[in-house]
Structures are given as structure tokens and as C-alpha cells.
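To start, the structure under review is shown below, and the notes come after it.
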Amino acid sequence: MQKGDQHVLLFAAIVCVTCSLLLSGTAAALREKQDFNVEMDRRVNVLKAFGVEVANEKGKRIITDDDVIATFKKHIFEVVLDRNGQILEGVSSDDLTSADKKKKLKLPLYQWSEEDTVTRYAFPISGYGLWSTLYGYMALEKDLATVIGVTFYDHKETPGLGGECSMPWFMDQFAAKIVWADGKLLPFEVVKGGVAVKYPSGCLHCVDGISAATITSNGITTFIREDLALYDAYFKTIRGS
Amino acid sequence: MAGKAKEIIFDPLSDNNPITIQVLGICSALAVTVKMETAVVMCVALTCVLTASNTVISLLRTVIPSKIRMIVEMAVIASLVVFTDQVLKAYLFDISRQLSVFVGLIITNCIVMGRAEAFALQNPPGLSFLDGLGNALGYSIVLIIVATVREILGAGEWYGFSLFFLPKDYLGNGLALLAPGAFIIVGLIIWVQRTIIKKFEDS
């Protein structure tokens, strides 16, 4: 080995170690703050699904972190369900591992209460689009049939195509849709080509699909149906009482 | 010395502008200029990375083995960019989400690597710092002009404020918000500037 090569190797090693120390130090120091931002973003989306005004018409967030925390404390309490619709005592959504969330064996449910009565329900929805898993929330009125709102807050679909799922025009369509009637769940559908074309007489459990994003649209249809069915085990017990 | 420093800072603003004359860094100039807010954050991020990378590489210029000099430059630039990205995620979460991948793509912005190769490797840290600053400002000026035109035409606003000289029911021009609109504006700026300073490729 030449003397020059030793210098090259040594220099490369020093650069690598310095850079990795700098970056891991930064990541560790900022971790808490970043996690807080992600958590706030998640909570803002829960509130948005519940119909709370969180952004102005330009999509700029107008609610402060403190307000988000306060609103959560005042109105929202969460329970975790199992697949049979039983409440798991003593489990909070923070305890769920990523595997729990992925396999949907334990199901968090957010309940909005006004003066100790639950008036609205929200739950996470997630599933595959084209490239990625879409994450969002769906909120239902007290009747557990009328949708208050749906939000999608995290996905890696193509901007302008499948990525349109997190645009206001798409998400706003879900408000006031009906997912349950006459004792059974309705087959929710994101309709390719538009609701007005496929169902000229109207369809209360359908929203317009996204042009050039049929796979994303079909994915949303599939996982909204699945997630509604999962939570229905618990909703049945509420409707029954 | 003072004259040289002045030249280093002011040359990239017009006569040797990285975007309009060297045609580097076009990708981000198109992508993040839909509105002023993102453009300004991008400019600040690039300024930090470019001045820091020029300074660091200039400090190391006598010890970097020439065989691996590009890899070392890349490592320094990439570390600085990831650092900037982490800071944005912690303190400017919404904007970092809007900038999405484009902060990360500063790594591949030809201006940064280009200045390291062309200037920082041959010059002392002080001058390299100024060179980085000058080029970053040259980049920023163009980005801000493009963002100004796009936001006013596309949304009828500037930096989120509505403008008094536009009618209240101004309907934004969709083309200005899309990448082709940015292409047209950058093209017009290049044309006007090269006409003024009389720079032609075939002369």
C-alpha cells in the first residue's frame, strides 16, 4: 500500500465519522420537537375530521398547538377496541405498536363529548393506494350513519394524480354522506368517472373518483369499506342500546 | 482585495448569475416558486448550505486528497443539507412539508457542487464564503422574481397579502401556478437579462 493511499483512507474515515456524528447529534437533539410536530399534525387532522375549523380557505393552519391540546383535553376521549367490538380497558392509542396499527387488531376510536354525552365519533382509516399506504380519519355523527368529514394526512401518491386525495375538493365531498341505513352498512364507493355519470339518480354513499388515479380511488373504496366493517362490531352495540 | 471581494459578491447577481447565465439550479427554481413563502425559505436554506459548504471545503482544500475530492465535497454538502432539512422539520413543519423533497434535492443542486469545484478548492475560506454568498443571492433574486410573478398572476396575492391594485374578484391564472408557467417566466427573465448585458451563446 502506498503512502498516498493511507492518507486517502484515513481522510475518508475522518470525513465519514465527522459527518455521521454531526447528523446523528442533530437528529437526536431535534427528535422530540419533530415528534411533537408530527403528533400535532395528527391531532389537527382528527379535529378536522370532526368538523372543527382548523385552517383558513387557503389551507393555512389557524389553530394553535395549545388550542389543539386544550380541545383534545376538553372534548375528546379515546378508547381502544378489539375486533369483536369490546373496549380494551386500560389501553390507550399511545400503547399501540406499529404492528397493531398495521394489522388493525386493536382499533383506536376517538369520541367527541359535549357535557358527558358522546356526540361524534372518529376513527383512523388506512390502506394501500398505488405507491403507498394512505392514512386518514373518518368522523361520524351520533347516528353512526352520517359522515361529518374525512381527511387524508399522509401518503406518498403522485402529486396531481393520486396525491389529489388530500386536496380539499376531494375530502370535502365526504361530508354528509351516508354509510349505514336499514340495519346494514352501505357499500361506500369512490366512483370512477363521477357519481353523476354512474348513478344519474344520485347516490348518497358515493363520491367522485380522481381522474387518472383509478388505483388510488379503488384503494380508498376498499379500505373505507373494510375499516367501516371493523368498527361496525362496536357501533352495533351502541346503536342497539 | 476589497475590489476583488466586491466583484466576487456582485458578479453572480447579474453578469454571471447561476440561473440565468449558467442555467444551473433550474429544477428548484421551477418547483418551489408557486408562492413567496416557500421561495424565501428555499433561498435561505440554499444560502446557508452554499456559504457553509464553500467555507468548509475551502478550509479543507489543502488536505483533501485529489483522488476522492468529489466524494468528500458530496459528503460535506449532503451533511449540511440533511442538517438544514432536520432543522426545518423541527421549527418550520408546515413549510418543510410544502417544500417536500426539494430541500433534500439541494444536494444535487449543481450550483453547490459547481461552486465547490470551481471556486472553493482554489481560494481561501474568506473569499469562498463571499463567493457562496454571492451565488446564493444571485439564485435568490431570480427565485424571488419568479415567485413574485407567479403568486401575483396565479393567486392575486403577494406573500399571502392581497394587493390593492387588483380587483377583489380577481380570478387566478392557473398556468402561472403550474410548472410550465414557471418555465415561461424563467425563460423570459433569461431573455431580458441576456439582452441587457449582451451575452449571447454564439458570439
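By order of appearance in the C-alpha cells: chains A, B, ..., then residues from 1 within every chain, and ligands from 1 in the order shown.
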
TODO: Write out as number ranges by chain which residues come within 10 Å of range 158-165 of chain B when counting only C-alpha atoms, dropping same-chain ones fewer than 4 positions away.
DONE: A: 58; B: 35-40, 147-153

Export, as a PDB file, in the first residue's frame, the selected residues with N, CA and C atoms.
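Written out: out_5.pdb:
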```
ATOM      1  N   LYS A  58     -57.319  29.194   2.524  1.00  0.00           N
ATOM      2  CA  LYS A  58     -56.101  28.932   1.744  1.00  0.00           C
ATOM      3  C   LYS A  58     -55.373  27.695   2.242  1.00  0.00           C
TER       4      LYS A  58
ATOM      5  N   LYS B  35     -45.343  30.277  -4.553  1.00  0.00           N
ATOM      6  CA  LYS B  35     -45.608  31.462  -3.749  1.00  0.00           C
ATOM      7  C   LYS B  35     -44.336  31.899  -3.026  1.00  0.00           C
ATOM      8  N   MET B  36     -44.377  33.144  -2.567  1.00  0.00           N
ATOM      9  CA  MET B  36     -43.198  33.757  -1.975  1.00  0.00           C
ATOM     10  C   MET B  36     -42.693  33.009  -0.745  1.00  0.00           C
ATOM     11  N   GLU B  37     -43.629  32.567   0.092  1.00  0.00           N
ATOM     12  CA  GLU B  37     -43.221  31.992   1.368  1.00  0.00           C
ATOM     13  C   GLU B  37     -42.256  30.823   1.182  1.00  0.00           C
ATOM     14  N   THR B  38     -42.639  29.867   0.333  1.00  0.00           N
ATOM     15  CA  THR B  38     -41.757  28.714   0.121  1.00  0.00           C
ATOM     16  C   THR B  38     -40.477  29.137  -0.584  1.00  0.00           C
ATOM     17  N   ALA B  39     -40.588  30.087  -1.538  1.00  0.00           N
ATOM     18  CA  ALA B  39     -39.392  30.516  -2.264  1.00  0.00           C
ATOM     19  C   ALA B  39     -38.380  31.132  -1.307  1.00  0.00           C
ATOM     20  N   VAL B  40     -38.852  31.960  -0.383  1.00  0.00           N
ATOM     21  CA  VAL B  40     -37.933  32.623   0.541  1.00  0.00           C
ATOM     22  C   VAL B  40     -37.256  31.599   1.452  1.00  0.00           C
ATOM     23  N   ALA B 147     -41.177  33.893  -8.180  1.00  0.00           N
ATOM     24  CA  ALA B 147     -42.262  33.668  -7.222  1.00  0.00           C
ATOM     25  C   ALA B 147     -43.202  34.858  -7.175  1.00  0.00           C
ATOM     26  N   THR B 148     -42.655  36.072  -7.276  1.00  0.00           N
ATOM     27  CA  THR B 148     -43.493  37.266  -7.265  1.00  0.00           C
ATOM     28  C   THR B 148     -44.471  37.243  -8.436  1.00  0.00           C
ATOM     29  N   VAL B 149     -43.935  36.986  -9.635  1.00  0.00           N
ATOM     30  CA  VAL B 149     -44.803  36.961 -10.811  1.00  0.00           C
ATOM     31  C   VAL B 149     -45.849  35.856 -10.672  1.00  0.00           C
ATOM     32  N   ARG B 150     -45.405  34.667 -10.244  1.00  0.00           N
ATOM     33  CA  ARG B 150     -46.339  33.542 -10.185  1.00  0.00           C
ATOM     34  C   ARG B 150     -47.415  33.755  -9.131  1.00  0.00           C
ATOM     35  N   GLU B 151     -47.041  34.265  -7.971  1.00  0.00           N
ATOM     36  CA  GLU B 151     -48.048  34.411  -6.922  1.00  0.00           C
ATOM     37  C   GLU B 151     -49.048  35.508  -7.288  1.00  0.00           C
ATOM     38  N   ILE B 152     -48.545  36.612  -7.889  1.00  0.00           N
ATOM     39  CA  ILE B 152     -49.466  37.692  -8.251  1.00  0.00           C
ATOM     40  C   ILE B 152     -50.406  37.236  -9.370  1.00  0.00           C
ATOM     41  N   LEU B 153     -49.854  36.643 -10.412  1.00  0.00           N
ATOM     42  CA  LEU B 153     -50.709  36.188 -11.515  1.00  0.00           C
ATOM     43  C   LEU B 153     -51.613  35.036 -11.092  1.00  0.00           C
TER      44      LEU B 153
END
```

TODO: Mind checking which residues fall within 12 Å of Thr18 in chain A, counting only C-alpha atoms, ignoring those fewer than 4 positions away in the same chain, and posting them as a list in words?
DONE: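 Contacts, in chain order: Phe11, Ala12, Ala13, Ile14, Leu22, Leu23, Ser24 and Gly25 of chain A; Val72, Ala75, Val76, Ser79 and Leu80 of chain B.
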
TODO: Figure out the distance between CA of Val81 in chain B and CA of Tyr153 in chain A, please, to one decimal in Å.
DONE: 25.4 Å

Task: Best match for closeness to chain B among A:Gly160, A:Gly193, A:Gly51, A:Gly129, counting only C-alpha atoms - done: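 Of all the options, A:Gly160 lies closest to chain B.
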
TODO: Taking only C-alpha atoms into account, report as number ranges by chain which residues of chain B lie within 8 Å of chain A.
DONE: B: 64-65, 67-68, 72, 75-76, 79, 82-83, 86-87, 89-91, 93

Task: alpha helix (DSSP H) residues, from DSSP on the backbone, in range 49-165 of chain B, as number ranges by chain - done: B: 49-60, 69-91, 93-99, 101-104, 110-115, 125-155

Open item on the list: Give me, as a list in words, all polymer residues having an atom no more than 8 Å from range 212-216 of chain A, counting only C-alpha atoms and skipping those fewer than 6 positions away in the same chain.
Closed with: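 The residues satisfying every condition are Tyr128, Gly129, Leu130, Glu157, Leu161, Gly162 and Lys192 of chain A.
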
- [ ] Considering only C-alpha atoms, return as a list in words whatever protein or nucleic-acid residues lie within 10 Å of Arg194 in chain B, sequence-local ones (same chain, fewer than 6 positions apart) excluded.
- [x]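 Close residues of Arg194 in chain B: Ser14, Asp15, Thr20, Ile21, Leu188, Phe200 and Glu201 of chain B.
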
Selection above as a file: C-alpha atoms, as a PDB file, in the first residue's frame:
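Contents of part_14.pdb, as written:
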```pdb
ATOM      1  CA  SER B  14     -26.113  39.651 -12.836  1.00  0.00           C
ATOM      2  CA  ASP B  15     -23.169  39.087 -15.194  1.00  0.00           C
ATOM      3  CA  THR B  20     -29.937  32.969 -15.949  1.00  0.00           C
ATOM      4  CA  ILE B  21     -26.372  32.774 -17.292  1.00  0.00           C
ATOM      5  CA  LEU B 188     -38.445  35.495 -20.198  1.00  0.00           C
ATOM      6  CA  PHE B 200     -25.038  35.527 -26.439  1.00  0.00           C
ATOM      7  CA  GLU B 201     -24.071  31.878 -26.724  1.00  0.00           C
TER       8      GLU B 201
END
```

Task: Who sits within 6 Å of range 203-209 of chain A, only C-alpha atoms, same chain under 3 positions skipped, as a list of chain:residue names - done: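 What passes the distance filter is A:Lys177, A:Ile178, A:Val179, A:Phe188, A:Glu189, A:Val190, A:Val191, A:Lys192, A:Gly194, A:Val195, A:Ser217.
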
TODO: Mind giving me the straight-line distance from CA of Ile26 in chain B to CA of Ser128 in chain B in Å, one decimal?
DONE: 22.7 Å

Open item on the list: Between CA of Gly127 in chain A and CA of Ile224 in chain A, what distance in Å does the model show, to one decimal?
Closed with: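 Going from CA of Gly127 in chain A over to CA of Ile224 in chain A, I get 8.3 Å.
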
- [ ] Among the residues of chain B, find those DSSP assigns to strand (DSSP E) from the backbone and print them as a PyMOL selection string.
- [x] chain B and resi 157-158+161-162

- [ ] Name all residues at most 12 Å from Gly154 in chain B (count only C-alpha atoms; drop same-chain ones fewer than 6 positions away) and give them as a list in words.
- [x]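 Neighbouring residues, sequence-local ones excluded: Thr33, Val34, Lys35, Met36, Val146, Ala147, Thr148, Gly160, Tyr170, Leu171, Gly172, Asn173, Gly174, Leu175, Ala176, Leu177, Leu178, Ala179, Gly181 and Ala182 of chain B.
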
Task: Closest of A:Val147, A:Ile69, A:Leu134, A:Ile76 to Thr222 in chain A - atom-to-atom distances counting only C-alpha atoms - done: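 Of A:Val147, A:Ile69, A:Leu134, A:Ile76, the one nearest Thr222 in chain A is A:Leu134, counting only C-alpha atoms.
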
Within 7 Å of Leu121 in chain B, counting only C-alpha atoms, which residues qualify if same-chain residues fewer than 2 places away don't, as an mmCIF file with N, CA and C atoms, in the first residue's frame?
```
data_model
loop_
_atom_site.group_PDB
_atom_site.id
_atom_site.type_symbol
_atom_site.label_atom_id
_atom_site.label_comp_id
_atom_site.auth_asym_id
_atom_site.auth_seq_id
_atom_site.Cartn_x
_atom_site.Cartn_y
_atom_site.Cartn_z
ATOM 1 N N ILE B 57 -15.249 23.456 2.532
ATOM 2 C CA ILE B 57 -14.396 22.833 1.509
ATOM 3 C C ILE B 57 -13.132 23.654 1.279
ATOM 4 N N SER B 58 -13.259 24.974 1.381
ATOM 5 C CA SER B 58 -12.076 25.808 1.230
ATOM 6 C C SER B 58 -11.093 25.569 2.381
ATOM 7 N N ARG B 61 -9.225 22.474 1.664
ATOM 8 C CA ARG B 61 -8.730 22.312 0.292
ATOM 9 C C ARG B 61 -7.291 21.813 0.205
ATOM 10 N N ALA B 116 -18.157 24.627 -5.309
ATOM 11 C CA ALA B 116 -17.104 23.938 -4.570
ATOM 12 C C ALA B 116 -15.947 23.597 -5.507
ATOM 13 N N GLU B 117 -16.276 23.026 -6.651
ATOM 14 C CA GLU B 117 -15.261 22.632 -7.630
ATOM 15 C C GLU B 117 -14.553 23.849 -8.224
ATOM 16 N N ALA B 118 -15.348 24.849 -8.634
ATOM 17 C CA ALA B 118 -14.790 25.928 -9.429
ATOM 18 C C ALA B 118 -14.118 26.992 -8.578
ATOM 19 N N PHE B 119 -14.550 27.139 -7.342
ATOM 20 C CA PHE B 119 -14.011 28.257 -6.569
ATOM 21 C C PHE B 119 -13.365 27.828 -5.244
ATOM 22 N N ASN B 123 -9.444 28.749 -3.558
ATOM 23 C CA ASN B 123 -9.393 30.042 -2.886
ATOM 24 C C ASN B 123 -9.526 29.918 -1.370
#
```
